$ cat coords26.cif   # mmCIF, N, CA and C atoms
data_protein
loop_
_atom_site.label_atom_id
_atom_site.label_comp_id
_atom_site.auth_asym_id
_atom_site.auth_seq_id
_atom_site.Cartn_x
_atom_site.Cartn_y
_atom_site.Cartn_z
N MET W 12 -4.70 -6.91 19.73
CA MET W 12 -3.59 -7.48 19.03
C MET W 12 -2.55 -6.39 18.81
N THR W 13 -1.31 -6.66 19.17
CA THR W 13 -0.22 -5.72 18.96
C THR W 13 0.76 -6.32 17.98
N VAL W 14 1.03 -5.58 16.93
CA VAL W 14 1.99 -6.01 15.92
C VAL W 14 2.91 -4.83 15.69
N SER W 15 4.21 -5.05 15.74
CA SER W 15 5.12 -3.95 15.49
C SER W 15 5.99 -4.26 14.27
N ARG W 16 6.34 -3.20 13.55
CA ARG W 16 7.20 -3.28 12.38
C ARG W 16 6.69 -4.29 11.36
N ARG W 17 5.39 -4.42 11.24
CA ARG W 17 4.82 -5.40 10.32
C ARG W 17 3.69 -4.76 9.53
N THR W 18 3.50 -5.22 8.34
CA THR W 18 2.28 -4.95 7.61
C THR W 18 1.54 -6.26 7.65
N GLN W 19 0.31 -6.23 8.10
CA GLN W 19 -0.42 -7.47 8.30
C GLN W 19 -1.79 -7.38 7.68
N SER W 20 -2.20 -8.41 7.02
CA SER W 20 -3.56 -8.48 6.47
C SER W 20 -4.30 -9.55 7.26
N ASP W 21 -5.36 -9.13 7.96
CA ASP W 21 -6.19 -10.08 8.69
C ASP W 21 -7.20 -10.64 7.72
N ASP W 22 -7.13 -11.93 7.46
CA ASP W 22 -8.05 -12.55 6.52
C ASP W 22 -9.21 -13.12 7.31
N ASN W 23 -10.14 -12.24 7.69
CA ASN W 23 -11.27 -12.61 8.53
C ASN W 23 -12.49 -12.99 7.70
N THR W 24 -12.32 -13.83 6.72
CA THR W 24 -13.46 -14.19 5.88
C THR W 24 -13.96 -15.56 6.30
N ALA W 25 -14.59 -15.61 7.44
CA ALA W 25 -15.14 -16.87 7.95
C ALA W 25 -16.33 -17.28 7.11
N ALA W 26 -16.83 -18.46 7.32
CA ALA W 26 -17.94 -18.98 6.54
C ALA W 26 -19.16 -18.07 6.60
N MET W 27 -19.31 -17.30 7.66
CA MET W 27 -20.47 -16.41 7.77
C MET W 27 -20.23 -15.05 7.12
N GLY W 28 -19.15 -14.89 6.38
CA GLY W 28 -18.92 -13.65 5.66
C GLY W 28 -18.42 -12.50 6.51
N ALA W 29 -17.62 -12.77 7.52
CA ALA W 29 -17.06 -11.70 8.35
C ALA W 29 -16.21 -10.77 7.48
N PRO W 30 -16.13 -9.51 7.86
CA PRO W 30 -15.34 -8.56 7.06
C PRO W 30 -13.86 -8.92 7.04
N ARG W 31 -13.20 -8.44 6.01
CA ARG W 31 -11.76 -8.62 5.86
C ARG W 31 -11.12 -7.26 6.13
N PHE W 32 -10.07 -7.25 6.91
CA PHE W 32 -9.39 -6.01 7.26
C PHE W 32 -7.93 -6.06 6.84
N VAL W 33 -7.39 -4.92 6.49
CA VAL W 33 -5.96 -4.76 6.24
C VAL W 33 -5.46 -3.80 7.31
N ASN W 34 -4.57 -4.29 8.16
CA ASN W 34 -3.97 -3.49 9.22
C ASN W 34 -2.55 -3.13 8.82
N LEU W 35 -2.23 -1.86 8.80
CA LEU W 35 -0.88 -1.40 8.47
C LEU W 35 -0.22 -0.87 9.72
N PHE W 36 0.92 -1.45 10.08
CA PHE W 36 1.72 -1.00 11.21
C PHE W 36 3.13 -0.78 10.68
N ILE W 37 3.46 0.47 10.40
CA ILE W 37 4.76 0.78 9.82
C ILE W 37 5.47 1.76 10.75
N GLU W 38 6.54 1.30 11.38
CA GLU W 38 7.31 2.18 12.25
C GLU W 38 8.16 3.09 11.37
N PRO W 39 8.53 4.27 11.89
CA PRO W 39 9.39 5.15 11.10
C PRO W 39 10.64 4.40 10.61
N ASN W 40 11.01 4.66 9.35
CA ASN W 40 12.14 3.97 8.74
C ASN W 40 12.68 4.85 7.62
N PRO W 41 13.82 4.49 7.02
CA PRO W 41 14.40 5.33 5.96
C PRO W 41 13.49 5.51 4.74
N ASN W 42 12.65 4.54 4.43
CA ASN W 42 11.74 4.65 3.29
C ASN W 42 10.51 5.50 3.61
N CYS W 43 10.09 5.46 4.85
CA CYS W 43 8.86 6.14 5.27
C CYS W 43 9.10 6.75 6.65
N PRO W 44 9.75 7.92 6.70
CA PRO W 44 10.20 8.48 7.98
C PRO W 44 9.11 8.67 9.04
N ASP W 45 7.87 8.93 8.62
CA ASP W 45 6.81 9.17 9.60
C ASP W 45 6.13 7.89 10.07
N GLY W 46 6.26 6.78 9.32
CA GLY W 46 5.56 5.55 9.67
C GLY W 46 4.05 5.77 9.64
N CYS W 47 3.29 4.78 10.07
CA CYS W 47 1.84 4.94 10.16
C CYS W 47 1.22 3.72 10.84
N SER W 48 0.01 3.91 11.26
CA SER W 48 -0.80 2.83 11.80
C SER W 48 -2.22 3.08 11.32
N GLN W 49 -2.72 2.22 10.45
CA GLN W 49 -4.04 2.39 9.84
C GLN W 49 -4.74 1.04 9.75
N ARG W 50 -6.06 1.09 9.72
CA ARG W 50 -6.88 -0.11 9.54
C ARG W 50 -7.93 0.20 8.48
N PHE W 51 -8.03 -0.68 7.48
CA PHE W 51 -8.97 -0.51 6.39
C PHE W 51 -9.85 -1.74 6.28
N GLN W 52 -11.12 -1.53 5.95
CA GLN W 52 -12.01 -2.65 5.69
C GLN W 52 -12.02 -2.91 4.19
N ALA W 53 -11.52 -4.08 3.79
CA ALA W 53 -11.43 -4.43 2.38
C ALA W 53 -12.74 -5.03 1.89
N THR W 54 -13.08 -4.71 0.65
CA THR W 54 -14.27 -5.28 0.04
C THR W 54 -13.91 -6.27 -1.07
N THR W 55 -12.61 -6.39 -1.38
CA THR W 55 -12.13 -7.40 -2.32
C THR W 55 -10.86 -8.02 -1.75
N PRO W 56 -10.53 -9.23 -2.19
CA PRO W 56 -9.26 -9.82 -1.76
C PRO W 56 -8.09 -9.04 -2.37
N PRO W 57 -6.92 -9.05 -1.71
CA PRO W 57 -5.76 -8.37 -2.28
C PRO W 57 -5.27 -9.08 -3.54
N ARG W 58 -4.67 -8.29 -4.42
CA ARG W 58 -4.07 -8.83 -5.64
C ARG W 58 -2.72 -8.15 -5.85
N PRO W 59 -1.82 -8.81 -6.56
CA PRO W 59 -0.51 -8.18 -6.81
C PRO W 59 -0.66 -6.96 -7.70
N VAL W 60 0.21 -5.99 -7.51
CA VAL W 60 0.25 -4.79 -8.34
C VAL W 60 1.72 -4.44 -8.59
N ARG W 61 2.04 -4.02 -9.83
CA ARG W 61 3.43 -3.72 -10.18
C ARG W 61 3.62 -2.36 -10.84
N LEU W 62 2.54 -1.79 -11.38
CA LEU W 62 2.67 -0.54 -12.13
C LEU W 62 1.43 0.31 -11.89
N ILE W 63 1.64 1.58 -11.53
CA ILE W 63 0.52 2.49 -11.28
C ILE W 63 0.76 3.84 -11.93
N ARG W 64 -0.31 4.60 -12.04
CA ARG W 64 -0.24 6.02 -12.41
C ARG W 64 -0.48 6.78 -11.12
N TYR W 65 0.41 7.73 -10.80
CA TYR W 65 0.36 8.42 -9.51
C TYR W 65 0.59 9.91 -9.70
N SER W 66 -0.08 10.71 -8.92
CA SER W 66 0.07 12.17 -8.95
C SER W 66 0.58 12.65 -7.60
N PRO W 67 1.90 12.65 -7.40
CA PRO W 67 2.42 13.07 -6.09
C PRO W 67 2.19 14.56 -5.84
N GLY W 68 1.58 14.88 -4.71
CA GLY W 68 1.35 16.27 -4.35
C GLY W 68 0.50 17.04 -5.33
N GLY W 69 -0.39 16.36 -6.07
CA GLY W 69 -1.26 17.03 -7.01
C GLY W 69 -0.59 17.39 -8.33
N GLU W 70 0.66 16.96 -8.52
CA GLU W 70 1.37 17.22 -9.77
C GLU W 70 0.76 16.40 -10.90
N GLU W 71 1.27 16.64 -12.10
CA GLU W 71 0.87 15.83 -13.25
C GLU W 71 1.17 14.36 -12.95
N SER W 72 0.30 13.47 -13.40
CA SER W 72 0.48 12.06 -13.07
C SER W 72 1.70 11.47 -13.79
N ILE W 73 2.35 10.55 -13.10
CA ILE W 73 3.51 9.84 -13.63
C ILE W 73 3.27 8.34 -13.49
N VAL W 74 3.89 7.57 -14.35
CA VAL W 74 3.81 6.12 -14.27
C VAL W 74 4.96 5.64 -13.39
N CYS W 75 4.63 4.81 -12.41
CA CYS W 75 5.63 4.32 -11.45
C CYS W 75 5.58 2.80 -11.33
N GLU W 76 6.74 2.19 -11.30
CA GLU W 76 6.83 0.80 -10.86
C GLU W 76 6.68 0.85 -9.35
N ILE W 77 6.04 -0.17 -8.78
CA ILE W 77 5.79 -0.16 -7.34
C ILE W 77 6.14 -1.50 -6.74
N HIS W 78 6.77 -1.44 -5.58
CA HIS W 78 7.12 -2.63 -4.81
C HIS W 78 6.76 -2.37 -3.36
N GLY W 79 6.49 -3.45 -2.64
CA GLY W 79 6.48 -3.34 -1.20
C GLY W 79 7.91 -3.12 -0.77
N TRP W 80 8.11 -2.56 0.42
CA TRP W 80 9.47 -2.33 0.90
C TRP W 80 9.61 -2.98 2.26
N SER W 81 10.61 -3.83 2.40
CA SER W 81 10.82 -4.64 3.60
C SER W 81 12.03 -4.15 4.39
N SER W 82 12.01 -4.36 5.68
CA SER W 82 13.16 -4.02 6.53
C SER W 82 14.31 -5.01 6.34
N ALA W 83 14.06 -6.17 5.71
CA ALA W 83 15.12 -7.16 5.49
C ALA W 83 16.27 -6.51 4.73
N GLY W 84 17.48 -6.76 5.18
CA GLY W 84 18.65 -6.22 4.50
C GLY W 84 18.70 -4.70 4.51
N ASN W 85 18.05 -4.07 5.48
CA ASN W 85 17.99 -2.62 5.61
C ASN W 85 17.32 -1.95 4.41
N GLY W 86 16.32 -2.63 3.86
CA GLY W 86 15.53 -2.07 2.77
C GLY W 86 15.64 -2.87 1.49
N THR W 87 14.68 -3.78 1.27
CA THR W 87 14.67 -4.60 0.06
C THR W 87 13.23 -4.71 -0.47
N PRO W 88 13.10 -4.91 -1.80
CA PRO W 88 11.75 -5.01 -2.37
C PRO W 88 11.04 -6.30 -1.97
N CYS W 89 9.72 -6.21 -1.91
CA CYS W 89 8.85 -7.36 -1.70
C CYS W 89 7.57 -7.08 -2.48
N ALA W 90 6.60 -7.94 -2.38
CA ALA W 90 5.36 -7.79 -3.16
C ALA W 90 4.56 -6.57 -2.70
N ALA W 91 3.97 -5.88 -3.66
CA ALA W 91 2.97 -4.84 -3.38
C ALA W 91 1.62 -5.42 -3.74
N ARG W 92 0.59 -5.03 -3.00
CA ARG W 92 -0.74 -5.56 -3.21
C ARG W 92 -1.75 -4.41 -3.25
N ALA W 93 -2.90 -4.69 -3.86
CA ALA W 93 -3.98 -3.71 -3.92
C ALA W 93 -5.29 -4.41 -3.58
N ALA W 94 -6.13 -3.74 -2.82
CA ALA W 94 -7.46 -4.24 -2.47
C ALA W 94 -8.41 -3.05 -2.42
N ARG W 95 -9.64 -3.26 -2.85
CA ARG W 95 -10.65 -2.20 -2.74
C ARG W 95 -11.04 -2.11 -1.27
N VAL W 96 -11.06 -0.88 -0.76
CA VAL W 96 -11.40 -0.65 0.64
C VAL W 96 -12.47 0.43 0.74
N GLU W 97 -13.18 0.42 1.85
CA GLU W 97 -14.11 1.50 2.14
C GLU W 97 -13.31 2.71 2.59
N ASP W 98 -13.61 3.85 2.01
CA ASP W 98 -12.92 5.09 2.36
C ASP W 98 -13.98 6.13 2.69
N SER W 99 -14.05 6.53 3.93
CA SER W 99 -15.12 7.42 4.37
C SER W 99 -15.15 8.72 3.58
N GLY W 100 -14.01 9.16 3.09
CA GLY W 100 -13.98 10.41 2.34
C GLY W 100 -14.41 10.27 0.90
N ALA W 101 -14.21 9.09 0.29
CA ALA W 101 -14.48 8.93 -1.14
C ALA W 101 -15.44 7.79 -1.45
N GLY W 102 -15.91 7.08 -0.45
CA GLY W 102 -16.80 5.94 -0.68
C GLY W 102 -16.02 4.65 -0.80
N ALA W 103 -15.20 4.53 -1.83
CA ALA W 103 -14.36 3.35 -2.02
C ALA W 103 -13.12 3.78 -2.79
N ALA W 104 -12.02 3.10 -2.55
CA ALA W 104 -10.76 3.39 -3.22
C ALA W 104 -9.94 2.12 -3.24
N MET W 105 -8.89 2.12 -4.03
CA MET W 105 -7.95 1.00 -4.04
C MET W 105 -6.82 1.33 -3.08
N LEU W 106 -6.62 0.46 -2.10
CA LEU W 106 -5.51 0.57 -1.16
C LEU W 106 -4.34 -0.18 -1.75
N VAL W 107 -3.21 0.50 -1.93
CA VAL W 107 -1.97 -0.13 -2.40
C VAL W 107 -1.03 -0.15 -1.20
N TYR W 108 -0.56 -1.33 -0.83
CA TYR W 108 0.29 -1.47 0.35
C TYR W 108 1.35 -2.53 0.09
N GLY W 109 2.34 -2.60 1.00
CA GLY W 109 3.45 -3.50 0.75
C GLY W 109 4.01 -4.12 2.00
N GLY W 110 5.29 -3.89 2.25
CA GLY W 110 5.99 -4.54 3.34
C GLY W 110 5.97 -3.74 4.63
N ASP W 111 6.77 -4.18 5.58
CA ASP W 111 6.79 -3.55 6.90
C ASP W 111 7.45 -2.17 6.88
N TRP W 112 8.04 -1.77 5.75
CA TRP W 112 8.57 -0.42 5.57
C TRP W 112 7.76 0.34 4.52
N GLY W 113 6.54 -0.11 4.21
CA GLY W 113 5.67 0.61 3.30
C GLY W 113 5.82 0.16 1.86
N ILE W 114 5.72 1.13 0.93
CA ILE W 114 5.87 0.85 -0.49
C ILE W 114 6.94 1.76 -1.07
N ARG W 115 7.50 1.34 -2.18
CA ARG W 115 8.55 2.10 -2.86
C ARG W 115 8.13 2.30 -4.30
N LEU W 116 8.11 3.55 -4.75
CA LEU W 116 7.71 3.89 -6.11
C LEU W 116 8.93 4.35 -6.90
N THR W 117 9.07 3.83 -8.11
CA THR W 117 10.15 4.22 -9.00
C THR W 117 9.54 4.80 -10.27
N PRO W 118 9.57 6.13 -10.41
CA PRO W 118 9.00 6.75 -11.60
C PRO W 118 9.73 6.31 -12.87
N ARG W 119 8.98 6.04 -13.92
CA ARG W 119 9.57 5.63 -15.19
C ARG W 119 10.17 6.79 -15.96
N ASP W 120 9.94 8.02 -15.50
CA ASP W 120 10.50 9.18 -16.20
C ASP W 120 11.88 9.56 -15.69
N GLY W 121 12.49 8.74 -14.84
CA GLY W 121 13.85 8.98 -14.37
C GLY W 121 13.95 9.72 -13.05
N ARG W 122 12.85 10.16 -12.47
CA ARG W 122 12.90 10.80 -11.16
C ARG W 122 13.40 9.80 -10.12
N GLU W 123 13.84 10.32 -9.00
CA GLU W 123 14.33 9.48 -7.92
C GLU W 123 13.21 8.63 -7.32
N PRO W 124 13.50 7.38 -6.95
CA PRO W 124 12.51 6.56 -6.24
C PRO W 124 12.17 7.22 -4.90
N PHE W 125 10.95 6.94 -4.43
CA PHE W 125 10.52 7.50 -3.15
C PHE W 125 9.59 6.51 -2.46
N GLY W 126 9.42 6.70 -1.16
CA GLY W 126 8.60 5.80 -0.37
C GLY W 126 7.33 6.46 0.13
N GLU W 127 6.35 5.64 0.40
CA GLU W 127 5.08 6.04 1.01
C GLU W 127 4.66 4.91 1.94
N PRO W 128 3.87 5.19 2.98
CA PRO W 128 3.39 4.09 3.81
C PRO W 128 2.37 3.23 3.05
N TYR W 129 1.50 3.88 2.25
CA TYR W 129 0.48 3.21 1.44
C TYR W 129 -0.09 4.29 0.52
N LEU W 130 -0.93 3.88 -0.42
CA LEU W 130 -1.63 4.82 -1.29
C LEU W 130 -3.10 4.45 -1.36
N LEU W 131 -3.96 5.44 -1.49
CA LEU W 131 -5.36 5.25 -1.83
C LEU W 131 -5.56 5.88 -3.20
N ILE W 132 -5.85 5.06 -4.20
CA ILE W 132 -5.98 5.55 -5.59
C ILE W 132 -7.24 4.97 -6.21
N ASP W 133 -7.58 5.43 -7.40
CA ASP W 133 -8.75 4.87 -8.09
C ASP W 133 -8.34 3.66 -8.92
N ASP W 134 -9.31 2.84 -9.30
CA ASP W 134 -9.07 1.61 -10.08
C ASP W 134 -8.26 1.87 -11.33
N GLU W 135 -8.58 2.96 -12.03
CA GLU W 135 -7.94 3.24 -13.31
C GLU W 135 -6.46 3.57 -13.16
N SER W 136 -6.02 3.88 -11.97
CA SER W 136 -4.60 4.20 -11.75
C SER W 136 -3.73 2.96 -11.64
N ILE W 137 -4.33 1.78 -11.51
CA ILE W 137 -3.56 0.55 -11.46
C ILE W 137 -3.43 0.04 -12.90
N LEU W 138 -2.19 0.03 -13.38
CA LEU W 138 -1.93 -0.32 -14.78
C LEU W 138 -1.53 -1.78 -14.95
N GLU W 139 -0.95 -2.37 -13.94
CA GLU W 139 -0.50 -3.77 -14.02
C GLU W 139 -0.34 -4.35 -12.64
#
$ encode --input "coords26.cif" --output "structure tokens"
Amino acid sequence: MTVSRRTQSDDNTAAMGAPRFVNLFIEPNPNCPDGCSQRFQATTPPRPVRLIRYSPGGEESIVCEIHGWSSAGNGTPCAARAARVEDSGAGAAMLVYGGDWGIRLTPRDGREPFGEPYLLIDDESILE
């Protein structure tokens, strides 16, 4: 399957309990210059997320509003979602993902908004 410029969630939960995957295909864009292509196996269904605690680059954690970021209109907000995924490095983590241009974080402390393709965070970092 080839998907370009899209964030896609494959809902493969057939009656026999097939795994659910989240496929991220984000081409380079103004919000996320490097883009990314990743596949995660989800262990929970996605849910909306609007507020997180985040530590960019290992700095002190900050509270950020979070939106998915869409290519529509050359960059507009859309829904951000979170799902628990298997993470080979940490066992399990919460995957936060959004639109075809990634996610957009707006720190509540007045710092400039910034983009990421996705985040892997712990449960306690999701505030709303």
$ atom_distance --input "coords26.cif" --atom1 "atom CA of W:Arg31" --atom2 "atom CA of W:Arg95"
10.8 Å
$ select_by_dssp --input "coords26.cif" --residues "stretch 13-135 of chain W" --states "helix (DSSP H, G or I)" --output "JSON, numbers by chain"
{"W": [67, 68, 69, 83, 84, 85, 134, 135]}
$ closest_residue --input "coords26.cif" --among "W:Gly121, W:Gly126, W:Gly79, W:Gly86" --to "W:Gly109" --atoms "all atoms listed in the file"
W:Gly79
$ atom_distance --input "coords26.cif" --atom1 "atom CA of W:Cys75" --atom2 "atom CA of W:Arg58"
17.3 Å
$ resolve_selection --input "coords26.cif" --expression "the PyMOL selection byres ((chain W and resi 108) around 7)" --output "list in words"
His78, Gly79, Trp80, Ala90, Ala91, Arg92, Ala93, Ala94, Leu106, Val107, Gly109, Gly110, Gly113, Ile114, Pro128, Tyr129 and Leu130 of chain W
$ atom_distance --input "coords26.cif" --atom1 "atom N of W:Glu97" --atom2 "atom CA of W:Pro124"
27.6 Å
$ closest_residue --input "coords26.cif" --among "W:Ala104, W:Glu70, W:Gln49, W:Pro56" --to "W:Ser136" --atoms "only C-alpha atoms"
W:Ala104
